[in-house]
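Structure first, commentary second.
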Amino acid sequence: MNKVLAVLLACLIGGTVGLSGQADASKPIVTEAGSATAKTKLVFWNGLTGSDGVTLDGIVKKFTAANPDVSVRVEKMVWGTYFDKLLTSLVSGSGAPDLFLLHEFEIPQFASQGVLYETSEFFKPKGELDKADYEPEYVKALLYNGKTYGVPLDRHGWGVIVNKDLFKKAGIDPAKAPKNQKEFIDLAIKLTLDKNGKHPNEAGFDDKNVAQWGTFTSWSKPNFLSTLWQYGGNWTDGKGKATLDTPEAHKALQFWVDLIYKYKVSAKPAGFDGWQNLANQKLAFIPEGCWIYNFLTDNKVNYGVWEYPQLGDKKPAVWTSGHVMYMPATASGANLAATKKLISYLAQNTATWATAGMPAANLKVRNALKASEVPVAVAYGTSFKRQGQFDIAHVSISEIIDKGYAPELDNALNGLKTVDQALKDANKAVQEILDRS
């Protein structure tokens, strides 16, 4: 298969699950920054369709106010639609944006097609940014065939948000996070109630009429990967072999499935909105991404924050990723110069981006953040320095996630397959992708 066909196939397969809330997938959310008469007009694509995207829009507007000769049209699309459109535009060379966001684990998928602008000039000795200000694993994640691609914006990822009102109502200290799997389950049982006020471990508990859930399995990928890594496993050995049908993977997925069907402390994922149930006082705590922060403040949720708990028995780990800024390889002229200036501006204003819950990629900026001002960004950022782990990058990563293992995780969580069958099928699907990549 030639490179163009391979990319177009990846387009049709889609991208990662949306990270920033809901939006109409049929059309982008468009905001304009700067004057319509500006000499240089830029287009900036991203998948930040939730309230975090509003924060980023505000930073872009400050940039255009300081640079009146530049205007920026920001187009936000849900990630699946976004990857379709982005890959097609980059491969065809028609309608590509001047600036766009990807995640670090997608670099091989895009860089292998020759569609990304190489960005070593942004870093010392040529540029203003210093790679020493970023975690070594982040700097490594930007490399493909020895070249640097992208400029980091943040290091976002997974933790736990608690509804402090429901904890206090139950007489439980919301600041006391569970230290292990047993404490996690026990806490979820205490905070799950049926319509008659019974807990799942009490006789007569009505699991068909639950008034308050203790926890929720949320987005399956980061929960599964975090727990899998804690058990010492991974989805691949990194040498071309899928490793999803393993004892570590079985223990990781079984834990999340058991929360639903054995302990009855979580709703099935299908049709359940974790964010809204948290805000509506029907969910006590939820593993969730830091991008929930603006939602919490907008909805006046009395929330607390935990680092991701130790659910496996081998090592600390939690799924993290990064929004990274890119330009197309074909960028040139005045638009290239203006886009470079915009990227530098965004990279230097990640403290403002942290007000959307996003820990800064730059460690100096992240370390200077105050918990009293950006509690989610600080708590999550501290966790990521201690136990954060990036996913293994691969040239077919979108297909591996979206057509490989993610659907099978959801099949198990929704009771459509056993854990054993789901992981066997996931392993087979991922291995087929690895074999032809």
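Each chain in the structure tokens gets a letter, A, B and so on, in the order shown; residues start at 1 in every chain, and ligands are counted from 1 in the order they appear.
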
Requested in this report: as number ranges by chain, list the residues of stretch 56-296 of chain A assigned to strand (DSSP E) by DSSP on the backbone atoms of this structure.
Outcome: A: 70-76, 99-103, 143-144, 147-148, 151-152, 156-163, 193-194, 210-212, 285-289

Query raised in the report: What's the 9 Å shell around stretch 375-388 of chain A, counting only C-alpha atoms, without same-chain residues fewer than 6 positions away, as a ChimeraX atom specification?
Result: /A:135,155-161,289-293,304-308,315-321,354-360,366-367,369

Query raised in the report: So which bits of stretch 133-357 of chain A end up alpha helix (DSSP H) when you DSSP the backbone, as a VMD selection string?
Result: chain A and resid 136 to 141 164 to 169 181 to 190 220 to 230 247 to 261 274 to 279 293 to 298 333 to 347 350 to 353

Query raised in the report: Neighbours of A:Pro178 within 12 Å (only C-alpha atoms; same-chain residues fewer than 6 positions away dropped), as a ChimeraX atom specification?
Result: /A:160,162,172,184-188,285,306-311

Requested in this report: Find, counting only C-alpha atoms, the residue in A:Pro407, A:Gly150, A:Gly233, A:Pro328 that gets nearest to A:Leu90.
Outcome: A:Pro328

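Distance annotation: of A:Gln109, A:Ser226, A:Asn196, A:Asn362, the residue with the minimal separation from A:Ala347 is A:Asn362; atom set is only C-alpha atoms.
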
Requested in this report: Could you check which of A:Ala203, A:Val70, A:Ala329, A:Leu278 is closest to A:Leu296, using only C-alpha atoms?
Outcome: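 Selected residue with least distance to A:Leu296: A:Leu278.
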
Requested in this report: Would you mind reading off the distance between atom CA of A:Ile29 and atom CA of A:Tyr82, one decimal, in Å?
Outcome: 11.4 Å

Report task. Have a look at A:Ala338, A:Leu129, A:Leu191, A:Ala211 and name the one nearest to A:Ala361; count only C-alpha atoms. Result ->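 Once distances to A:Ala361 are computed over only C-alpha atoms, the minimum belongs to A:Leu129.
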
**Report entry** Spatial neighbours of A:Val72, max dist 9 Å, only C-alpha atoms, sep filter under 2 positions, as a PyMOL selection string
**Finding:** chain A and resi 31-35+40-44+60-61+64+70+74
